[in-house]
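Pasted below: data.cif, mmCIF, C-alpha atoms and all ligand atoms.
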data_target
#
loop_
_atom_site.label_atom_id
_atom_site.label_comp_id
_atom_site.auth_asym_id
_atom_site.auth_seq_id
_atom_site.Cartn_x
_atom_site.Cartn_y
_atom_site.Cartn_z
CA MET Q 29 -13.08 10.18 4.65
CA SER Q 30 -14.04 13.68 5.79
CA ALA Q 31 -16.62 12.50 8.37
CA ALA Q 32 -13.97 11.58 10.91
CA PHE Q 33 -11.72 14.58 10.26
CA PRO Q 34 -11.06 16.37 13.52
CA ASP Q 35 -11.21 19.88 12.08
CA ASN Q 36 -13.18 21.48 9.25
CA ALA Q 37 -10.42 23.81 8.01
CA LEU Q 38 -7.95 20.93 7.83
CA ALA Q 39 -10.54 18.70 6.13
CA ALA Q 40 -11.21 21.44 3.55
CA ASP Q 41 -7.48 21.86 2.82
CA ILE Q 42 -7.04 18.12 2.33
CA ALA Q 43 -10.16 17.77 0.17
CA ALA Q 44 -8.97 20.67 -2.00
CA GLY Q 45 -5.50 19.14 -2.22
CA LEU Q 46 -6.82 15.71 -3.23
CA SER Q 47 -8.98 17.30 -5.90
CA ARG Q 48 -5.90 19.13 -7.32
CA VAL Q 49 -3.98 15.82 -7.22
CA GLU Q 50 -6.76 14.04 -9.14
CA THR Q 51 -6.65 16.73 -11.84
CA LEU Q 52 -2.87 16.48 -12.04
CA PHE Q 53 -3.13 12.70 -12.28
CA ASP Q 54 -5.77 12.78 -15.03
CA THR Q 55 -3.93 15.46 -17.02
CA GLN Q 56 -0.66 13.56 -16.82
CA LEU Q 57 -2.37 10.43 -18.12
CA THR Q 58 -4.01 12.03 -21.13
CA SER Q 59 -2.75 10.62 -24.39
CA ALA Q 60 -3.46 11.45 -28.03
CA PHE Q 61 -4.48 7.82 -28.47
CA PRO Q 62 -8.01 6.74 -27.45
CA ALA Q 63 -6.77 3.18 -26.87
CA VAL Q 64 -4.36 4.47 -24.22
CA ASN Q 65 -6.89 6.86 -22.67
CA GLU Q 66 -9.46 4.13 -22.29
CA LEU Q 67 -7.04 2.03 -20.25
CA CYS Q 68 -5.99 4.99 -18.10
CA ARG Q 69 -9.62 5.87 -17.35
CA HIS Q 70 -10.15 2.25 -16.31
CA VAL Q 71 -7.22 2.38 -13.90
CA GLU Q 72 -8.44 5.66 -12.45
CA ARG Q 73 -11.46 3.70 -11.23
CA TYR Q 74 -9.04 1.79 -8.97
CA ARG Q 75 -8.70 4.96 -6.96
CA GLY Q 76 -9.76 4.06 -3.46
CA LYS Q 77 -8.87 5.60 -0.16
CA MET Q 78 -6.01 7.65 -1.66
CA LEU Q 79 -4.01 6.79 1.47
CA ARG Q 80 -0.60 7.66 0.02
CA PRO Q 81 -1.46 11.08 -1.48
CA THR Q 82 -3.46 11.88 1.67
CA LEU Q 83 -0.37 11.15 3.75
CA VAL Q 84 1.76 13.46 1.57
CA LEU Q 85 -0.74 16.29 2.04
CA VAL Q 86 -1.43 15.73 5.75
CA SER Q 87 2.29 15.37 6.52
CA GLY Q 88 2.89 18.60 4.61
CA LEU Q 89 0.11 20.45 6.42
CA ALA Q 90 1.28 19.02 9.76
CA PHE Q 91 4.58 20.88 9.45
CA THR Q 92 3.17 24.03 7.89
CA ALA Q 93 2.02 26.80 10.20
CA ASP Q 94 -1.73 27.50 10.51
CA GLY Q 95 -2.83 29.67 7.60
CA GLU Q 96 0.13 28.72 5.35
CA SER Q 97 -0.40 26.72 2.16
CA LEU Q 98 1.17 23.59 0.78
CA ARG Q 99 3.68 23.96 -2.05
CA PRO Q 100 2.90 22.90 -5.66
CA GLU Q 101 5.56 20.19 -5.16
CA HIS Q 102 3.31 18.57 -2.53
CA ASP Q 103 0.65 17.99 -5.20
CA ILE Q 104 3.21 16.64 -7.65
CA VAL Q 105 4.65 14.20 -5.11
CA ALA Q 106 1.14 13.17 -4.02
CA GLY Q 107 0.19 12.46 -7.66
CA THR Q 108 3.47 10.64 -8.26
CA VAL Q 109 3.15 8.28 -5.28
CA GLU Q 110 -0.42 7.43 -6.28
CA MET Q 111 0.70 6.74 -9.86
CA ILE Q 112 3.55 4.54 -8.65
CA HIS Q 113 1.03 2.72 -6.48
CA MET Q 114 -1.33 2.22 -9.45
CA ALA Q 115 1.52 0.86 -11.58
CA THR Q 116 2.37 -1.68 -8.88
CA LEU Q 117 -1.28 -2.76 -8.58
CA VAL Q 118 -1.57 -3.33 -12.33
CA HIS Q 119 1.60 -5.44 -12.33
CA ASP Q 120 0.70 -7.18 -9.07
CA ASP Q 121 -2.61 -8.34 -10.57
CA VAL Q 122 -0.68 -9.97 -13.41
CA LEU Q 123 1.58 -11.79 -10.93
CA ASP Q 124 -1.42 -12.86 -8.83
CA ASP Q 125 -3.70 -13.76 -11.77
CA ALA Q 126 -6.27 -11.54 -10.07
CA GLU Q 127 -9.59 -10.87 -11.78
CA VAL Q 128 -11.12 -8.24 -9.49
CA ARG Q 129 -9.67 -4.99 -8.14
CA ARG Q 130 -11.65 -2.25 -6.40
CA ARG Q 131 -14.90 -3.98 -7.32
CA GLY Q 132 -14.09 -3.87 -11.04
CA GLU Q 133 -12.27 -6.11 -13.48
CA THR Q 134 -8.46 -6.06 -13.53
CA VAL Q 135 -6.66 -4.95 -16.67
CA ASN Q 136 -5.13 -8.41 -17.11
CA PHE Q 137 -8.59 -10.00 -16.87
CA LEU Q 138 -10.10 -7.54 -19.33
CA ARG Q 139 -7.25 -7.20 -21.82
CA GLY Q 140 -4.69 -9.88 -21.01
CA ASN Q 141 -1.24 -9.84 -19.43
CA GLU Q 142 0.58 -8.16 -22.34
CA THR Q 143 -1.59 -5.05 -22.15
CA ALA Q 144 -1.45 -5.02 -18.34
CA VAL Q 145 2.35 -5.21 -18.30
CA MET Q 146 2.61 -2.38 -20.83
CA LEU Q 147 0.05 -0.27 -18.98
CA GLY Q 148 1.97 -0.74 -15.72
CA ASP Q 149 5.11 0.39 -17.57
CA TYR Q 150 3.25 3.41 -18.95
CA LEU Q 151 2.09 4.35 -15.44
CA ILE Q 152 5.54 4.05 -13.87
CA SER Q 153 7.07 6.03 -16.75
CA ASN Q 154 4.42 8.74 -16.31
CA ALA Q 155 4.93 8.78 -12.56
CA PHE Q 156 8.59 9.78 -13.01
CA HIS Q 157 7.70 12.19 -15.82
CA LEU Q 158 5.21 13.88 -13.49
CA CYS Q 159 7.74 13.97 -10.66
CA SER Q 160 10.32 15.61 -12.96
CA ARG Q 161 7.95 18.55 -13.41
CA ALA Q 162 8.79 19.57 -9.83
CA GLY Q 163 12.31 20.35 -11.08
CA ASP Q 164 13.92 18.86 -7.97
CA PRO Q 165 16.24 15.93 -8.79
CA ALA Q 166 16.29 14.94 -5.10
CA LEU Q 167 12.61 13.92 -5.38
CA ASN Q 168 13.26 11.72 -8.43
CA LEU Q 169 16.31 10.23 -6.75
CA ARG Q 170 14.41 9.35 -3.59
CA LEU Q 171 11.38 7.94 -5.40
CA GLY Q 172 13.64 5.99 -7.77
CA GLU Q 173 15.25 4.43 -4.72
CA VAL Q 174 11.77 3.56 -3.45
CA THR Q 175 10.69 1.84 -6.68
CA ASN Q 176 13.99 -0.10 -6.78
CA THR Q 177 13.31 -1.30 -3.23
CA LEU Q 178 9.74 -2.16 -4.07
CA CYS Q 179 10.78 -4.34 -7.02
CA GLU Q 180 13.42 -6.04 -4.84
CA GLY Q 181 10.69 -6.88 -2.32
CA GLU Q 182 8.59 -8.48 -5.04
CA LEU Q 183 11.57 -10.37 -6.47
CA VAL Q 184 12.53 -11.77 -3.05
CA GLN Q 185 8.88 -12.74 -2.50
CA LEU Q 186 8.81 -14.54 -5.86
CA SER Q 187 12.03 -16.37 -5.03
CA ARG Q 188 10.47 -17.68 -1.78
CA ARG Q 189 7.12 -18.85 -3.12
CA HIS Q 190 6.05 -22.28 -1.84
CA ASP Q 191 8.91 -22.13 0.66
CA LEU Q 192 7.57 -23.37 3.98
CA SER Q 193 10.78 -22.36 5.75
CA LEU Q 194 10.12 -18.64 5.17
CA ASP Q 195 10.66 -17.03 8.56
CA GLU Q 196 9.17 -14.00 10.24
CA ASN Q 197 12.21 -11.77 9.65
CA THR Q 198 12.20 -12.44 5.92
CA TYR Q 199 8.43 -11.87 5.76
CA PHE Q 200 8.86 -8.47 7.44
CA GLU Q 201 11.77 -7.60 5.13
CA ILE Q 202 9.62 -8.40 2.06
CA VAL Q 203 6.66 -6.42 3.39
CA ARG Q 204 8.81 -3.45 4.35
CA ARG Q 205 10.19 -3.36 0.83
CA LYS Q 206 7.13 -4.12 -1.26
CA THR Q 207 4.64 -1.96 0.66
CA ALA Q 208 6.05 0.09 3.53
CA VAL Q 209 8.81 2.09 1.83
CA LEU Q 210 6.34 3.87 -0.46
CA VAL Q 211 4.06 4.80 2.45
CA GLY Q 212 7.12 5.93 4.42
CA ALA Q 213 8.31 8.06 1.50
CA ALA Q 214 4.86 9.70 1.22
CA CYS Q 215 5.13 10.89 4.83
CA GLU Q 216 8.82 11.72 4.55
CA LEU Q 217 8.55 13.84 1.40
CA GLY Q 218 5.37 15.64 2.52
CA THR Q 219 7.18 16.60 5.73
CA LYS Q 220 10.44 17.52 4.00
CA LEU Q 221 8.71 19.79 1.47
CA ALA Q 222 7.14 21.67 4.39
CA GLY Q 223 10.60 22.59 5.66
CA ALA Q 224 10.60 20.33 8.74
CA THR Q 225 13.77 19.41 10.63
CA ALA Q 226 15.81 16.27 9.84
CA ALA Q 227 14.54 14.65 13.06
CA GLU Q 228 10.90 15.40 12.16
CA ILE Q 229 11.41 14.03 8.63
CA ALA Q 230 12.97 10.81 9.96
CA ALA Q 231 10.20 10.35 12.53
CA MET Q 232 7.51 10.83 9.89
CA ARG Q 233 9.20 8.36 7.58
CA ALA Q 234 9.27 5.77 10.40
CA PHE Q 235 5.60 6.52 11.13
CA GLY Q 236 4.70 5.86 7.49
CA GLU Q 237 6.79 2.70 7.24
CA ASN Q 238 5.12 1.27 10.34
CA LEU Q 239 1.73 2.10 8.86
CA GLY Q 240 2.76 0.38 5.63
CA VAL Q 241 3.81 -2.82 7.41
CA ALA Q 242 0.56 -2.92 9.43
CA PHE Q 243 -1.38 -2.19 6.23
CA GLN Q 244 0.16 -5.20 4.48
CA ILE Q 245 -0.49 -7.54 7.45
CA GLN Q 246 -4.13 -6.44 7.38
CA ASP Q 247 -4.15 -6.93 3.59
CA ASP Q 248 -2.83 -10.47 4.04
CA LEU Q 249 -5.47 -11.20 6.69
CA LEU Q 250 -8.20 -9.97 4.34
CA ASP Q 251 -6.77 -12.16 1.56
CA LEU Q 252 -7.03 -15.18 3.86
CA LEU Q 253 -10.29 -14.41 5.67
CA GLY Q 254 -12.30 -11.92 3.63
CA ASP Q 255 -14.83 -12.42 0.88
CA GLU Q 256 -14.54 -10.85 -2.55
CA ALA Q 257 -17.79 -8.84 -2.26
CA THR Q 258 -16.64 -7.08 0.91
CA VAL Q 259 -12.94 -6.71 0.15
CA GLY Q 260 -13.64 -5.70 -3.46
CA LYS Q 261 -10.73 -7.64 -4.96
CA SER Q 262 -9.77 -11.23 -5.70
CA ILE Q 263 -8.96 -13.00 -2.46
CA GLY Q 264 -7.18 -16.26 -1.63
CA ARG Q 265 -4.38 -15.22 -3.96
CA ASP Q 266 -1.59 -15.67 -1.38
CA LEU Q 267 -2.45 -19.34 -0.84
CA GLU Q 268 -2.99 -19.90 -4.55
CA LYS Q 269 0.39 -18.36 -5.41
CA GLY Q 270 2.32 -20.01 -2.58
CA LYS Q 271 2.95 -16.77 -0.63
CA LEU Q 272 3.35 -17.48 3.07
CA THR Q 273 1.84 -14.71 5.20
CA LEU Q 274 2.19 -13.85 8.88
CA PRO Q 275 -0.55 -16.08 10.40
CA MET Q 276 0.82 -19.09 8.47
CA ILE Q 277 4.42 -18.28 9.47
CA LEU Q 278 3.48 -17.82 13.15
CA HIS Q 279 1.53 -21.08 13.15
CA ILE Q 280 4.35 -23.09 11.59
CA ALA Q 281 6.90 -21.59 14.00
CA HIS Q 282 4.89 -22.06 17.19
CA ASN Q 283 3.06 -25.36 16.71
CA GLN Q 284 4.25 -28.93 16.64
CA GLY Q 285 2.82 -32.32 15.69
CA ALA Q 286 -0.64 -32.69 14.22
CA ASP Q 287 -1.52 -28.96 14.35
CA ARG Q 288 1.61 -27.99 12.45
CA LEU Q 289 1.13 -30.80 9.93
CA ALA Q 290 -2.52 -29.86 9.36
CA ALA Q 291 -1.46 -26.33 8.34
CA LEU Q 292 1.34 -27.59 6.08
CA GLU Q 293 -1.09 -29.94 4.36
CA ALA Q 294 -3.71 -27.22 3.91
CA ILE Q 295 -1.08 -24.88 2.41
CA ASP Q 296 0.15 -27.61 0.10
CA ALA Q 297 -3.40 -28.49 -0.98
CA LYS Q 298 -4.32 -24.76 -1.26
CA ASP Q 299 -7.28 -25.56 0.96
CA GLY Q 300 -8.44 -22.17 2.28
CA PRO Q 301 -11.28 -23.32 4.58
CA ALA Q 302 -9.05 -25.97 6.24
CA LEU Q 303 -6.22 -23.48 6.67
CA ARG Q 304 -8.56 -20.88 8.21
CA ARG Q 305 -9.87 -23.50 10.67
CA VAL Q 306 -6.44 -24.60 11.85
CA LEU Q 307 -4.97 -21.08 12.07
CA THR Q 308 -8.03 -19.82 13.95
CA ARG Q 309 -7.92 -22.74 16.43
CA SER Q 310 -4.22 -22.21 17.16
CA GLY Q 311 -4.69 -18.45 17.73
CA SER Q 312 -2.34 -17.61 14.83
CA ILE Q 313 -4.91 -15.34 13.12
CA ASP Q 314 -5.39 -13.40 16.35
CA ALA Q 315 -1.62 -13.29 16.89
CA ALA Q 316 -1.04 -11.79 13.42
CA ARG Q 317 -3.81 -9.25 13.98
CA ALA Q 318 -2.30 -8.33 17.35
CA ARG Q 319 1.07 -7.75 15.66
CA ALA Q 320 -0.51 -5.32 13.20
CA VAL Q 321 -2.23 -3.46 16.04
CA ALA Q 322 1.03 -3.33 18.04
CA ILE Q 323 2.88 -1.89 15.02
CA VAL Q 324 0.22 0.82 14.65
CA GLU Q 325 0.53 1.62 18.36
CA ASP Q 326 4.30 1.89 17.90
CA ALA Q 327 3.77 4.22 14.95
CA LYS Q 328 1.43 6.41 17.00
CA ARG Q 329 3.85 6.57 19.94
CA GLY Q 330 6.67 7.69 17.63
CA LEU Q 331 4.61 10.41 15.92
CA PRO Q 332 6.35 13.75 16.48
CA GLN Q 333 4.61 16.91 17.62
CA THR Q 334 3.21 18.77 14.63
CA ARG Q 335 2.96 22.49 13.97
CA ARG Q 336 -0.51 22.88 12.57
CA ALA Q 337 -3.50 22.36 14.85
CA HIS Q 338 -5.41 19.07 14.57
CA SER Q 339 -3.04 17.46 12.07
CA ARG Q 340 -1.63 15.12 14.71
CA GLU Q 341 -5.12 13.82 15.60
CA LEU Q 342 -5.76 13.22 11.94
CA LEU Q 343 -2.53 11.24 11.50
CA LEU Q 344 -3.48 9.15 14.56
CA GLU Q 345 -6.92 8.56 13.09
CA LEU Q 346 -5.42 7.48 9.72
CA ALA Q 347 -3.16 5.06 11.60
CA ASN Q 348 -6.15 3.48 13.39
CA ARG Q 349 -7.96 3.01 10.09
CA VAL Q 350 -5.12 0.94 8.63
CA VAL Q 351 -5.99 -2.00 10.89
CA ALA Q 352 -9.73 -1.33 11.23
CA ARG Q 353 -10.39 -1.51 7.48
CA GLU Q 354 -12.26 -4.38 5.82
CA SER Q 355 -11.47 -3.46 2.23
C1 LIG P 401 0.75 -5.94 -2.97
O1 LIG P 401 0.60 -7.28 -3.14
C2 LIG P 401 1.91 -5.59 -3.86
C3 LIG P 401 2.64 -4.53 -3.72
C4 LIG P 401 2.38 -3.57 -2.65
C5 LIG P 401 3.78 -4.24 -4.63
C6 LIG P 401 3.66 -4.83 -6.00
C7 LIG P 401 4.85 -4.44 -6.80
C8 LIG P 401 5.15 -4.94 -7.99
C9 LIG P 401 4.31 -5.96 -8.65
C10 LIG P 401 6.37 -4.46 -8.70
C11 LIG P 401 5.98 -3.52 -9.81
C12 LIG P 401 6.82 -2.34 -9.68
C13 LIG P 401 6.73 -1.21 -10.42
C14 LIG P 401 7.67 -0.14 -10.09
C15 LIG P 401 5.74 -1.01 -11.49
P1 LIG P 401 -0.67 -8.04 -2.67
O2 LIG P 401 -0.96 -9.05 -3.71
O3 LIG P 401 -0.49 -8.52 -1.29
O4 LIG P 401 -1.79 -6.92 -2.63
P2 LIG P 401 -3.27 -6.98 -3.16
O5 LIG P 401 -4.00 -7.78 -2.12
O6 LIG P 401 -3.75 -5.55 -3.19
O7 LIG P 401 -3.30 -7.63 -4.49
MG MG P 402 -2.17 -9.05 -5.30
#
Output the file's structure as structure tokens, nothing else.
Ligand code: FPP
Ligand code: MG
Amino acid sequence: MSAAFPDNALAADIAAGLSRVETLFDTQLTSAFPAVNELCRHVERYRGKMLRPTLVLVSGLAFTADGESLRPEHDIVAGTVEMIHMATLVHDDVLDDAEVRRRGETVNFLRGNETAVMLGDYLISNAFHLCSRAGDPALNLRLGEVTNTLCEGELVQLSRRHDLSLDENTYFEIVRRKTAVLVGAACELGTKLAGATAAEIAAMRAFGENLGVAFQIQDDLLDLLGDEATVGKSIGRDLEKGKLTLPMILHIAHNQGADRLAALEAIDAKDGPALRRVLTRSGSIDAARARAVAIVEDAKRGLPQTRRAHSRELLLELANRVVARES
């Protein structure tokens, strides 16, 4: 990630912060039981771009004056949001019957659903235990609200599986809840801990939520269009599990007759190649991609001025990467 960083001092601060967060994460997940440790070490291999902890640290640095340091609470929140994220991935792979995650085997594939459910529980429990070490109940309260929202998003999604009447507004409501609120909270809490104003905190939260929505649209496009070797995780899960995503929703809403029917039949038959053909021909794939790009542009426009040099360019660069990524 450091190659595109606009400034060496900022890059060094973030690299040092991420390394402290990794240590905090590993220490928190150290158990007296080898059976537990083995599973935690497996999940630590899921660590990818570290987008959420990076956003906590960059948002913190953005509102800290040049030469000032982040607070220990920044590291704790960064570790907590990553642990919450890991817990959701482990549970999500159970729901999606996924076999591959970050180019490795999922816990459910390796050890079965019972172990994966318990490990997800262990991770979420540890996330809040870690957060409590900051000694600030407001952080636990806010992140508890986030995990409640996240579960609601998943529950609404489950309740609408195989529902071809799912509309765009409901899709965005699900995505905002299941993905965007955690990304928004990462930016919000990083900013808040740096002592920013209420307006700056709200603007950073909106920035993060927009990034989260665009991230999930891109994720859904990769699930529909990508291949497992490039994306590094099981793909085609949305179609398999009856989850309607934006290109499908746009196609159904804006096409009539044979084109509309062809998509409905492909969804019903779980026929990925046929669905890709019809959605590509109608321009629905491009339309969904354009929506993600427009949301990122919105996020960038709303980004407030920052205090520390170069941090704004870095946040803009992170926003661009959300829609440029192929894994
Ligand atoms: C991504 O789904 C899923 C999420 C961002 C949230 C999943 C949340 C849960 C399963 C609830 C568990 C909650 C707690 C608090 C442990 P996706 O299938 O589109 O993403 P993928 O492509 O990475 O699999
Ligand atoms: Mg999934």
Skip range 323-339 of chain Q itself and residues of its chain fewer than 3 positions away, then list as a VMD selection string all residues within 9 Å of it, counting all atoms listed in the file. chain Q and resid 33 to 35 38 86 to 87 89 to 95 227 to 228 231 to 232 234 to 239 241 to 242 318 to 320 342 to 344 347 to 348 350 to 351
Atoms to include: C-alpha atoms. Write the selected residues as a short mmCIF file (atom, residue, chain, number, x, y, z; two decimals), in the frame of the given file.
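After the write, again_35.cif holds the following:
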data_model
loop_
_atom_site.label_atom_id
_atom_site.label_comp_id
_atom_site.auth_asym_id
_atom_site.auth_seq_id
_atom_site.Cartn_x
_atom_site.Cartn_y
_atom_site.Cartn_z
CA PHE Q 33 -11.72 14.58 10.26
CA PRO Q 34 -11.06 16.37 13.52
CA ASP Q 35 -11.21 19.88 12.08
CA LEU Q 38 -7.95 20.93 7.83
CA VAL Q 86 -1.43 15.73 5.75
CA SER Q 87 2.29 15.37 6.52
CA LEU Q 89 0.11 20.45 6.42
CA ALA Q 90 1.28 19.02 9.76
CA PHE Q 91 4.58 20.88 9.45
CA THR Q 92 3.17 24.03 7.89
CA ALA Q 93 2.02 26.80 10.20
CA ASP Q 94 -1.73 27.50 10.51
CA GLY Q 95 -2.83 29.67 7.60
CA ALA Q 227 14.54 14.65 13.06
CA GLU Q 228 10.90 15.40 12.16
CA ALA Q 231 10.20 10.35 12.53
CA MET Q 232 7.51 10.83 9.89
CA ALA Q 234 9.27 5.77 10.40
CA PHE Q 235 5.60 6.52 11.13
CA GLY Q 236 4.70 5.86 7.49
CA GLU Q 237 6.79 2.70 7.24
CA ASN Q 238 5.12 1.27 10.34
CA LEU Q 239 1.73 2.10 8.86
CA VAL Q 241 3.81 -2.82 7.41
CA ALA Q 242 0.56 -2.92 9.43
CA ALA Q 318 -2.30 -8.33 17.35
CA ARG Q 319 1.07 -7.75 15.66
CA ALA Q 320 -0.51 -5.32 13.20
CA LEU Q 342 -5.76 13.22 11.94
CA LEU Q 343 -2.53 11.24 11.50
CA LEU Q 344 -3.48 9.15 14.56
CA ALA Q 347 -3.16 5.06 11.60
CA ASN Q 348 -6.15 3.48 13.39
CA VAL Q 350 -5.12 0.94 8.63
CA VAL Q 351 -5.99 -2.00 10.89
#
Using all atoms listed in the file, what are the residues with an atom within 7 Å of ligand MG 402 (chain P), set out as a list of chain:residue names? Q:Asp120, Q:Asp121, Q:Asp124, Q:Ala126, Q:Arg265
Which residue of Q:Met146, Q:Leu221, Q:Ala226, Q:Ala316 approaches ligand LIG 401 (chain P) most closely, using only C-alpha atoms and all ligand atoms: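 Among the listed residues, the smallest separation from ligand LIG 401 (chain P) belongs to Q:Met146.
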For Leu186 in chain Q, please output as a count of residues only all residues within 12 Å (counting only C-alpha atoms; exclusion window: fewer than 3 positions along the same chain). 20
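Distances from Q:Ala37, Q:Val184, Q:Val321, Q:Ala208 to ligand LIG 401 (chain P) were compared using all atoms listed in the file, and the smallest one belongs to Q:Ala208.
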If we count only C-alpha atoms and set the cut-off at 10 Å, which residues sit around Asp296 in chain Q, ignoring sequence neighbours fewer than 4 positions away in its own chain? Please answer as a PyMOL selection string. chain Q and resi 190+192+267-268+270+290-292
Which value, in Å to one decimal, gives the distance between CA of Gly223 in chain Q and CA of Val109 in chain Q? 19.5 Å
